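To be precise, the following lines are model00.txt, and they hold compact mmCIF, C-alpha atoms.
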```
# COMPACT_ATOMS: atom_id res chain seq x y z
CA MET A 12 247.55 291.79 90.16
CA ASN A 13 247.94 289.47 87.18
CA ALA A 14 245.75 286.52 86.21
CA THR A 15 248.15 283.94 87.65
CA TRP A 16 247.83 285.43 91.14
CA VAL A 17 244.04 285.60 90.77
CA GLY A 18 244.06 281.90 89.80
CA ILE A 19 246.23 281.03 92.81
CA LEU A 20 243.91 282.96 95.15
CA VAL A 21 240.78 281.30 93.70
CA MET A 22 242.40 277.87 94.11
CA ALA A 23 243.52 278.56 97.67
CA VAL A 24 240.04 279.65 98.74
CA GLY A 25 238.32 276.86 96.79
CA CYS A 26 240.54 274.02 98.04
CA PHE A 27 240.49 275.19 101.68
CA SER A 28 236.69 275.46 101.57
CA LEU A 29 236.41 271.89 100.27
CA LYS A 30 238.69 270.60 103.01
CA LEU A 31 236.89 272.47 105.81
CA ALA A 32 233.41 271.66 104.48
CA GLY A 33 234.25 267.94 104.47
CA LEU A 34 235.29 268.03 108.12
CA SER A 35 232.28 270.14 109.12
CA VAL A 36 229.09 269.07 107.31
CA PRO A 37 226.93 266.30 108.78
CA GLU A 38 227.55 263.06 106.94
CA ARG A 39 223.94 262.58 105.76
CA VAL A 40 224.17 265.73 103.59
CA LEU A 41 226.61 264.01 101.25
CA ALA A 42 225.56 260.42 101.82
CA HIS A 43 223.45 260.13 98.65
CA PRO A 44 224.82 257.23 96.57
CA MET A 45 224.91 259.38 93.43
CA THR A 46 227.06 262.00 95.17
CA ARG A 47 229.41 259.29 96.39
CA ARG A 48 229.62 257.84 92.94
CA ALA A 49 230.37 261.24 91.40
CA ALA A 50 233.08 261.82 94.00
CA ASP A 51 234.73 258.55 92.99
CA LEU A 52 234.52 259.29 89.28
CA ILE A 53 235.63 262.94 89.21
CA PRO A 54 239.31 262.30 90.08
CA VAL A 55 239.43 259.31 87.73
CA ALA A 56 238.02 261.30 84.80
CA LEU A 57 240.11 264.41 85.40
CA LEU A 58 243.33 262.45 85.87
CA GLY A 59 242.59 260.48 82.68
CA ALA A 60 242.11 263.73 80.75
CA LEU A 61 245.13 265.39 82.38
CA ILE A 62 247.43 262.49 81.52
CA ALA A 63 246.25 262.40 77.91
CA VAL A 64 246.73 266.12 77.35
CA GLN A 65 249.99 266.23 79.30
CA VAL A 66 251.47 263.38 77.26
CA LEU A 67 250.08 264.00 73.76
CA GLY A 68 249.06 267.65 73.77
CA GLY A 69 250.90 270.26 71.74
CA ASP A 70 249.98 273.73 70.56
CA HIS A 71 246.49 272.97 69.19
CA GLU A 72 247.64 269.60 67.89
CA LEU A 73 248.52 266.15 69.14
CA VAL A 74 252.21 265.26 69.25
CA VAL A 75 253.72 261.80 69.73
CA ASP A 76 257.20 262.09 71.24
CA ALA A 77 259.39 260.88 74.12
CA ARG A 78 256.62 261.69 76.63
CA LEU A 79 254.54 258.76 75.39
CA ALA A 80 257.45 256.33 75.81
CA ALA A 81 257.97 257.72 79.31
CA LEU A 82 254.32 257.10 80.16
CA GLY A 83 254.64 253.53 78.87
CA VAL A 84 257.61 252.97 81.17
CA ALA A 85 255.64 254.42 84.09
CA ALA A 86 252.65 252.15 83.38
CA LEU A 87 254.92 249.11 83.22
CA LEU A 88 256.62 249.98 86.52
CA TYR A 89 253.32 250.69 88.33
CA SER A 90 251.98 247.35 87.13
CA LEU A 91 255.09 245.75 88.69
CA ARG A 92 254.23 247.61 91.94
CA VAL A 93 257.29 249.85 91.82
CA PRO A 94 256.62 252.84 94.14
CA PHE A 95 255.72 256.35 93.03
CA LEU A 96 259.04 258.22 93.25
CA PRO A 97 261.33 255.70 91.49
CA THR A 98 258.70 255.37 88.77
CA VAL A 99 258.51 259.12 88.16
CA VAL A 100 262.32 259.34 88.07
CA ALA A 101 262.51 256.41 85.62
CA ALA A 102 259.90 258.03 83.37
CA SER A 103 261.82 261.35 83.33
CA ALA A 104 265.07 259.53 82.62
CA THR A 105 263.44 257.65 79.73
CA ALA A 106 262.31 260.90 78.10
CA ALA A 107 265.67 262.59 78.73
CA LEU A 108 267.63 259.67 77.22
CA LEU A 109 265.38 259.40 74.17
CA ARG A 110 265.93 263.09 73.50
CA LEU A 111 269.69 262.69 73.81
CA MET A 112 269.73 259.98 71.15
CA MET B 29 248.63 245.52 117.66
CA THR B 30 250.06 248.66 116.09
CA THR B 31 252.08 250.78 118.51
CA ASP B 32 251.93 254.60 118.56
CA ARG B 33 255.59 254.59 117.70
CA SER B 34 255.09 252.62 114.49
CA VAL B 35 252.22 254.93 113.46
CA VAL B 36 254.57 257.91 113.82
CA VAL B 37 257.42 256.17 111.97
CA ASP B 38 255.13 255.15 109.09
CA SER B 39 253.73 258.67 108.89
CA LEU B 40 257.18 260.24 108.78
CA GLY B 41 258.20 257.80 106.03
CA VAL B 42 255.26 258.85 103.90
CA GLY B 43 255.94 262.49 104.82
CA VAL B 44 259.56 262.40 103.66
CA ALA B 45 258.84 260.54 100.41
CA THR B 46 255.92 262.78 99.47
CA GLY B 47 257.49 266.02 100.68
CA ALA B 48 260.65 265.45 98.66
CA TYR B 49 258.54 265.27 95.55
CA GLY B 50 257.88 268.99 96.03
CA VAL B 51 261.20 269.55 94.26
CA SER B 52 259.62 268.41 90.98
CA PHE B 53 256.64 270.64 91.59
CA GLY B 54 258.82 273.70 92.24
CA ALA B 55 261.00 273.03 89.20
CA LEU B 56 258.03 272.42 86.91
CA ALA B 57 256.22 275.48 88.21
CA THR B 58 259.03 277.87 87.37
CA THR B 59 259.76 276.19 84.05
CA SER B 60 256.02 276.53 83.26
CA GLY B 61 256.29 280.29 83.56
CA LEU B 62 255.45 280.94 87.21
CA ASP B 63 257.88 282.92 89.36
CA VAL B 64 259.42 281.54 92.55
CA TRP B 65 256.90 283.43 94.75
CA GLN B 66 253.94 282.01 92.85
CA ALA B 67 255.33 278.47 93.10
CA CYS B 68 255.79 278.89 96.86
CA ALA B 69 252.38 280.53 97.30
CA LEU B 70 250.74 277.51 95.64
CA SER B 71 252.43 275.05 97.96
CA LEU B 72 251.75 277.17 101.06
CA ALA B 73 248.19 278.28 100.41
CA VAL B 74 246.73 275.55 98.19
CA PHE B 75 248.72 272.57 99.51
CA THR B 76 247.12 269.84 97.39
CA GLY B 77 249.71 268.27 95.11
CA ALA B 78 247.47 266.94 92.35
CA SER B 79 245.59 270.25 92.04
CA GLN B 80 248.84 272.21 92.03
CA PHE B 81 250.18 270.07 89.17
CA ALA B 82 246.88 270.40 87.31
CA PHE B 83 247.10 274.19 87.59
CA ILE B 84 250.65 274.44 86.25
CA GLY B 85 249.75 271.84 83.59
CA VAL B 86 247.09 274.20 82.23
CA VAL B 87 249.25 277.32 82.60
CA ALA B 88 252.27 275.64 80.94
CA THR B 89 250.28 274.88 77.80
CA GLY B 90 249.21 278.51 77.55
CA GLY B 91 245.82 278.11 79.24
CA ASN B 92 244.01 280.79 81.21
CA PRO B 93 245.00 280.62 84.93
CA ILE B 94 241.33 280.92 85.92
CA THR B 95 240.49 277.83 83.82
CA GLY B 96 243.45 276.19 85.53
CA ALA B 97 242.12 277.16 88.95
CA PHE B 98 238.68 275.68 88.28
CA THR B 99 240.19 272.45 86.91
CA ALA B 100 242.29 272.26 90.07
CA ILE B 101 239.30 272.87 92.36
CA LEU B 102 237.25 270.25 90.52
CA LEU B 103 240.10 267.78 90.99
CA GLY B 104 240.11 268.79 94.67
CA SER B 105 236.44 267.84 95.09
CA ARG B 106 237.58 264.49 96.51
CA LEU B 107 238.94 266.43 99.51
CA LEU B 108 235.35 267.04 100.57
CA PHE B 109 234.87 263.31 100.96
CA TYR B 110 238.21 262.87 102.69
CA GLY B 111 237.01 265.33 105.35
CA LEU B 112 233.80 263.40 105.62
CA SER B 113 235.54 260.12 106.40
CA LEU B 114 238.04 261.84 108.72
CA ALA B 115 235.50 263.72 110.85
CA PRO B 116 234.17 260.76 112.88
CA LEU B 117 237.71 259.39 113.32
CA LEU B 118 239.44 262.57 114.45
CA ARG B 119 236.50 264.01 116.49
CA LEU B 120 237.63 267.62 116.31
CA GLY B 121 236.00 270.70 117.83
CA ARG B 122 235.15 273.75 115.74
CA GLY B 123 238.45 275.58 116.28
CA ALA B 124 240.52 272.44 115.70
CA ARG B 125 238.65 271.76 112.46
CA ILE B 126 239.57 275.18 111.08
CA ALA B 127 243.17 274.79 112.20
CA SER B 128 243.46 271.26 110.78
CA ALA B 129 241.53 271.56 107.50
CA HIS B 130 244.58 272.67 105.53
CA LEU B 131 246.25 269.32 106.29
CA VAL B 132 243.45 267.27 104.67
CA ILE B 133 245.25 265.72 101.67
CA ASP B 134 245.49 262.26 100.07
CA GLU B 135 248.35 261.01 102.23
CA SER B 136 247.22 262.33 105.64
CA THR B 137 243.75 260.88 105.01
CA ALA B 138 245.18 257.52 104.02
CA MET B 139 247.44 257.36 107.08
CA ALA B 140 244.58 258.34 109.43
CA THR B 141 241.82 256.13 108.06
CA LEU B 142 244.08 253.06 108.38
CA ARG B 143 243.93 253.40 112.18
CA PRO B 144 241.34 251.85 114.49
CA THR B 145 241.33 254.40 117.33
CA THR B 146 240.91 258.18 117.50
CA ARG B 147 244.27 258.49 119.22
CA GLN B 148 246.16 256.68 116.44
CA ALA B 149 244.10 258.28 113.68
CA ARG B 150 245.10 261.70 115.03
CA LEU B 151 248.74 260.62 115.31
CA GLY B 152 248.72 259.41 111.71
CA PHE B 153 246.89 262.47 110.42
CA TYR B 154 249.01 265.13 112.12
CA TRP B 155 252.43 263.51 111.78
CA THR B 156 251.82 262.82 108.09
CA GLY B 157 250.15 266.17 107.37
CA VAL B 158 252.63 268.37 109.21
CA SER B 159 255.75 266.56 107.96
CA ILE B 160 254.52 266.75 104.36
CA PHE B 161 253.58 270.41 104.77
CA LEU B 162 257.05 271.38 106.02
CA LEU B 163 259.01 269.31 103.50
CA TRP B 164 256.72 269.99 100.55
CA ASN B 165 257.18 273.74 101.02
CA LEU B 166 260.94 273.59 101.54
CA ALA B 167 261.26 271.29 98.53
CA THR B 168 259.07 273.58 96.41
CA LEU B 169 261.33 276.53 97.18
CA ALA B 170 264.46 274.49 96.35
CA GLY B 171 262.92 273.16 93.14
CA ALA B 172 261.60 276.57 92.07
CA VAL B 173 265.02 278.18 92.50
CA ALA B 174 266.69 275.26 90.68
CA GLY B 175 264.04 275.41 87.96
CA THR B 176 265.01 278.95 87.09
CA ALA B 177 268.64 277.82 86.74
CA ILE B 178 268.57 274.49 84.88
CA GLY B 179 267.46 275.75 81.49
CA ASP B 180 265.12 273.67 79.35
CA PRO B 181 263.21 271.20 81.59
CA ARG B 182 262.63 268.94 78.59
CA ASP B 183 266.34 268.03 78.56
CA TYR B 184 265.76 266.33 81.92
CA GLY B 185 262.48 264.74 80.92
CA LEU B 186 260.68 266.84 83.54
CA ASP B 187 257.70 267.38 81.26
CA ALA B 188 257.27 263.60 81.08
CA ALA B 189 257.41 263.37 84.88
CA VAL B 190 254.01 265.05 85.18
CA GLY B 191 252.23 262.37 83.14
CA ALA B 192 253.93 259.65 85.18
CA ALA B 193 252.99 261.39 88.44
CA PHE B 194 249.33 261.73 87.42
CA LEU B 195 249.33 258.08 86.38
CA GLY B 196 250.59 257.20 89.87
CA LEU B 197 247.62 259.01 91.40
CA LEU B 198 245.22 257.36 88.98
CA TRP B 199 246.58 253.81 89.13
CA PRO B 200 245.08 252.68 92.48
CA ARG B 201 241.68 253.99 91.35
CA LEU B 202 241.58 251.85 88.20
CA ASP B 203 240.19 248.95 90.20
CA SER B 204 237.08 248.24 88.15
CA TRP B 205 235.93 248.02 84.58
CA ALA B 206 233.80 251.14 85.07
CA THR B 207 236.59 253.40 86.37
CA ARG B 208 238.93 252.30 83.57
CA ALA B 209 236.23 253.08 81.01
CA VAL B 210 235.65 256.53 82.51
CA ALA B 211 239.39 257.35 82.52
CA VAL B 212 239.82 256.26 78.89
CA LEU B 213 236.69 258.13 77.80
CA ALA B 214 237.85 261.33 79.51
CA ALA B 215 241.24 261.00 77.82
CA ALA B 216 239.67 260.43 74.40
CA VAL B 217 237.27 263.39 74.64
CA ALA B 218 240.06 265.67 75.90
CA LEU B 219 242.41 264.66 73.08
CA GLY B 220 239.66 265.17 70.52
CA LEU B 221 239.17 268.73 71.73
CA VAL B 222 242.86 269.73 71.82
CA PRO B 223 243.00 271.04 68.22
CA PHE B 224 239.80 273.11 68.55
CA THR B 225 239.69 274.70 71.98
CA ALA B 226 241.76 276.94 74.25
CA ALA B 227 244.35 275.15 76.39
CA GLY B 228 242.89 273.80 79.63
CA VAL B 229 239.36 273.46 78.26
CA PRO B 230 239.82 269.86 76.96
CA ILE B 231 240.68 268.65 80.46
CA MET B 232 237.58 270.12 82.08
CA VAL B 233 235.20 269.16 79.30
CA GLY B 234 236.68 265.67 78.89
CA GLY B 235 236.46 265.13 82.64
CA ALA B 236 232.87 266.39 82.86
CA VAL B 237 231.60 264.34 79.92
CA ALA B 238 233.15 261.17 81.31
CA VAL B 239 231.72 261.73 84.81
CA LEU B 240 228.20 262.37 83.44
CA LEU B 241 228.31 259.27 81.24
CA GLY B 242 229.78 257.25 84.10
CA LEU B 243 226.93 258.32 86.39
CA ARG B 244 224.32 257.51 83.77
CA TRP B 245 225.84 254.13 83.24
CA ALA B 246 225.91 253.46 87.00
CA ARG B 247 222.22 254.35 87.31
CA GLU B 248 221.23 251.99 84.52
CA VAL B 249 223.15 249.20 86.21
CA THR B 250 221.69 249.78 89.67
CA GLU B 251 218.09 250.28 88.56
```
Can you present the structure in this file as structure tokens?
Amino acid sequence: MNATWVGILVMAVGCFSLKLAGLSVPERVLAHPMTRRAADLIPVALLGALIAVQVLGGDHELVVDARLAALGVAALLYSLRVPFLPTVVAASATAALLRLM
Amino acid sequence: MTTDRSVVVDSLGVGVATGAYGVSFGALATTSGLDVWQACALSLAVFTGASQFAFIGVVATGGNPITGAFTAILLGSRLLFYGLSLAPLLRLGRGARIASAHLVIDESTAMATLRPTTRQARLGFYWTGVSIFLLWNLATLAGAVAGTAIGDPRDYGLDAAVGAAFLGLLWPRLDSWATRAVAVLAAAVALGLVPFTAAGVPIMVGGAVAVLLGLRWAREVTE
């Protein structure tokens, strides 16, 4: 079994456990304000890091290319309250067009 | 007064829109080096869009799949709190909790917690969760098969779609000065690490540093 399958298995077990634990544990166990605060911040921090690396990351270097323009278009559309799917399509199209030029 | 019918219609609308997006996941998964079975296994067994994208994001840049898995699980930590807010609304027995846990995702939680009664919360949760599960998996298969056929995903801007999709998940959470600061800090730390560390590591370390500093900052403010 290769590493990718191991990763998939670890994720499946991990994510299911989180889902089931949330439905099952008594609320007071996780009610501490610090835990709540951490739960709010973790997705924000990870998504921030994921976006940055996804858009500017290269092979051990930072690369500015059509992806950054696409992200700019996405940010503009979200700020205009355009929904998720059209925004993602517009961002892809932006990158595709810039690469054609 | 919201009718049961409108809860179901709203849930199906969210289900179709979200499920269809599985096409992008399938296509990106196979163009990131996964095979069709692995793409489908992720959607079937993990069934948490953001975590699935995080995993292929790490794998696509040459990262270790185990690093990818832990990044994905960390990102999934919010699911714990979704369950917590759903439990008193859905009022499920032990068996029903085990059977329903897989459906706890962003959208099903949002569509359930909007509702005032247990009956409508359950309607929202199950109609949204089940419709997304079915469509997301069908769409993943379609996208994965297409992904092996379309050639270079960059020609279609598919690599840029991931950043835009993550930004869509992040956007509604950027509602305060503090969350914006944490997101920017995580991005900066991660980018700073890219040249020096193995792929996948910058995301985890950047995320962890930003959360710790964010917590410290919150404590200083509240004390």
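Minimum distance to Val210 of chain B across A:Ala23, A:Ala60, A:Val66, A:Ala104 (counting only C-alpha atoms) occurs at A:Ala60.
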Original post:
Please, which residues of chain A lie no more than 7 Å from chain B when the count uses all atoms listed in the file, and can they be set out as JSON, numbers by chain?
Top reply: {"A": [14, 15, 18, 19, 21, 22, 23, 25, 26, 27, 29, 30, 31, 32, 33, 34, 38, 49, 50, 52, 53, 54, 55, 56, 57, 58, 59, 60, 61, 62, 63, 64, 65, 66, 68, 71, 72, 78, 81, 82, 85, 95, 99, 102, 103, 104, 106, 107]}
Original post:
When you draw a straight line from atom CA of Ser39 of chain B to atom CA of Trp155 of chain B, how long is it in Å?
Top reply: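 These atoms are spaced 5.8 Å apart.
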**OP:** Report the distance between atom CA of Arg92 of chain A and atom CA of Leu40 of chain B in Å, rounded to one decimal place.
**Re:**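 A separation of 21.3 Å between them.
What separates atom CA of Ala149 of chain B from atom CA of Ser136 of chain B is a distance of 9.5 Å.
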Find the smallest box with edges along x, y and z containing every listed atom of segment 44-48 of chain A, then add 4 Å on each side and report centre and edge lengths in Å to one decimal, as AutoDock Vina command-line options.
```
--center_x 227.2 --center_y 259.6 --center_z 94.8 --size_x 12.8 --size_y 12.8 --size_z 11.6
```
Kindly write C-alpha atoms of chain A from the structure just given to a file, as a JSON list (two decimals), in the first residue's frame.
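The resulting result_17.json:
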```
[["chain", "number", "residue", "atom", "x", "y", "z"],
["A", 12, "MET", "CA", 0.00, 0.00, 0.00],
["A", 13, "ASN", "CA", 1.57, 3.31, -1.00],
["A", 14, "ALA", "CA", 1.80, 6.50, 1.06],
["A", 15, "THR", "CA", -1.13, 8.16, -0.72],
["A", 16, "TRP", "CA", -3.50, 5.39, 0.40],
["A", 17, "VAL", "CA", -2.12, 5.57, 3.94],
["A", 18, "GLY", "CA", -2.77, 9.33, 3.91],
["A", 19, "ILE", "CA", -6.33, 8.80, 2.65],
["A", 20, "LEU", "CA", -6.99, 6.20, 5.37],
["A", 21, "VAL", "CA", -5.57, 8.45, 8.11],
["A", 22, "MET", "CA", -7.75, 11.34, 6.89],
["A", 23, "ALA", "CA", -10.88, 9.21, 6.68],
["A", 24, "VAL", "CA", -10.46, 7.94, 10.24],
["A", 25, "GLY", "CA", -9.43, 11.37, 11.57],
["A", 26, "CYS", "CA", -12.26, 13.34, 9.95],
["A", 27, "PHE", "CA", -14.96, 10.80, 10.86],
["A", 28, "SER", "CA", -13.75, 10.78, 14.48],
["A", 29, "LEU", "CA", -13.99, 14.58, 14.64],
["A", 30, "LYS", "CA", -17.52, 14.53, 13.23],
["A", 31, "LEU", "CA", -18.74, 11.77, 15.57],
["A", 32, "ALA", "CA", -16.99, 13.22, 18.63],
["A", 33, "GLY", "CA", -18.70, 16.58, 18.06],
["A", 34, "LEU", "CA", -22.13, 14.96, 17.99],
["A", 35, "SER", "CA", -21.37, 12.77, 21.02],
["A", 36, "VAL", "CA", -19.38, 14.63, 23.69],
["A", 37, "PRO", "CA", -21.22, 16.67, 26.34],
["A", 38, "GLU", "CA", -21.08, 20.34, 25.47],
["A", 39, "ARG", "CA", -19.30, 21.43, 28.68],
["A", 40, "VAL", "CA", -16.18, 19.44, 27.69],
["A", 41, "LEU", "CA", -15.47, 21.84, 24.85],
["A", 42, "ALA", "CA", -17.14, 24.93, 26.23],
["A", 43, "HIS", "CA", -13.94, 26.58, 27.46],
["A", 44, "PRO", "CA", -13.64, 30.01, 25.79],
["A", 45, "MET", "CA", -10.05, 29.32, 24.76],
["A", 46, "THR", "CA", -11.07, 26.12, 22.96],
["A", 47, "ARG", "CA", -13.86, 27.98, 21.20],
["A", 48, "ARG", "CA", -11.47, 30.70, 20.19],
["A", 49, "ALA", "CA", -8.95, 28.19, 18.86],
["A", 50, "ALA", "CA", -11.70, 26.48, 16.87],
["A", 51, "ASP", "CA", -12.57, 29.79, 15.23],
["A", 52, "LEU", "CA", -8.96, 30.64, 14.43],
["A", 53, "ILE", "CA", -7.72, 27.27, 13.11],
["A", 54, "PRO", "CA", -9.70, 27.33, 9.82],
["A", 55, "VAL", "CA", -8.89, 31.01, 9.29],
["A", 56, "ALA", "CA", -5.15, 30.45, 9.77],
["A", 57, "LEU", "CA", -4.96, 27.27, 7.71],
["A", 58, "LEU", "CA", -7.01, 28.71, 4.85],
["A", 59, "GLY", "CA", -4.82, 31.84, 4.87],
["A", 60, "ALA", "CA", -1.68, 29.69, 4.62],
["A", 61, "LEU", "CA", -3.23, 27.36, 2.03],
["A", 62, "ILE", "CA", -4.26, 30.25, -0.22],
["A", 63, "ALA", "CA", -0.82, 31.85, -0.02],
["A", 64, "VAL", "CA", 1.05, 28.66, -0.87],
["A", 65, "GLN", "CA", -1.46, 27.62, -3.51],
["A", 66, "VAL", "CA", -1.22, 30.97, -5.28],
["A", 67, "LEU", "CA", 2.46, 31.90, -4.89],
["A", 68, "GLY", "CA", 4.19, 28.62, -4.13],
["A", 69, "GLY", "CA", 6.55, 26.98, -6.60],
["A", 70, "ASP", "CA", 9.23, 24.34, -6.25],
["A", 71, "HIS", "CA", 11.04, 25.75, -3.18],
["A", 72, "GLU", "CA", 10.51, 29.30, -4.41],
["A", 73, "LEU", "CA", 7.79, 31.90, -4.71],
["A", 74, "VAL", "CA", 6.36, 32.49, -8.18],
["A", 75, "VAL", "CA", 4.14, 35.37, -9.30],
["A", 76, "ASP", "CA", 2.03, 34.33, -12.27],
["A", 77, "ALA", "CA", -1.56, 34.16, -13.56],
["A", 78, "ARG", "CA", -2.70, 32.53, -10.30],
["A", 79, "LEU", "CA", -2.25, 35.81, -8.42],
["A", 80, "ALA", "CA", -4.37, 37.71, -10.96],
["A", 81, "ALA", "CA", -7.01, 35.00, -10.65],
["A", 82, "LEU", "CA", -7.05, 35.38, -6.87],
["A", 83, "GLY", "CA", -7.45, 39.15, -7.29],
["A", 84, "VAL", "CA", -10.47, 38.59, -9.51],
["A", 85, "ALA", "CA", -11.92, 36.17, -6.95],
["A", 86, "ALA", "CA", -11.44, 38.68, -4.11],
["A", 87, "LEU", "CA", -13.12, 41.40, -6.14],
["A", 88, "LEU", "CA", -16.10, 39.18, -6.98],
["A", 89, "TYR", "CA", -16.54, 37.96, -3.38],
["A", 90, "SER", "CA", -16.49, 41.56, -2.19],
["A", 91, "LEU", "CA", -19.31, 42.24, -4.67],
["A", 92, "ARG", "CA", -21.18, 39.26, -3.12],
["A", 93, "VAL", "CA", -20.97, 37.12, -6.25],
["A", 94, "PRO", "CA", -21.62, 33.47, -5.20],
["A", 95, "PHE", "CA", -19.00, 30.77, -4.85],
["A", 96, "LEU", "CA", -19.30, 28.82, -8.11],
["A", 97, "PRO", "CA", -19.38, 31.72, -10.61],
["A", 98, "THR", "CA", -16.44, 33.25, -8.76],
["A", 99, "VAL", "CA", -14.34, 30.09, -8.97],
["A", 100, "VAL", "CA", -15.17, 29.74, -12.68],
["A", 101, "ALA", "CA", -14.26, 33.40, -13.31],
["A", 102, "ALA", "CA", -10.95, 32.96, -11.48],
["A", 103, "SER", "CA", -10.07, 29.86, -13.55],
["A", 104, "ALA", "CA", -11.03, 31.65, -16.75],
["A", 105, "THR", "CA", -8.84, 34.62, -15.81],
["A", 106, "ALA", "CA", -5.80, 32.38, -15.35],
["A", 107, "ALA", "CA", -6.55, 30.41, -18.53],
["A", 108, "LEU", "CA", -6.92, 33.60, -20.62],
["A", 109, "LEU", "CA", -3.77, 35.20, -19.23],
["A", 110, "ARG", "CA", -1.83, 32.07, -20.17],
["A", 111, "LEU", "CA", -3.25, 32.14, -23.69],
["A", 112, "MET", "CA", -2.03, 35.68, -24.24]]
```
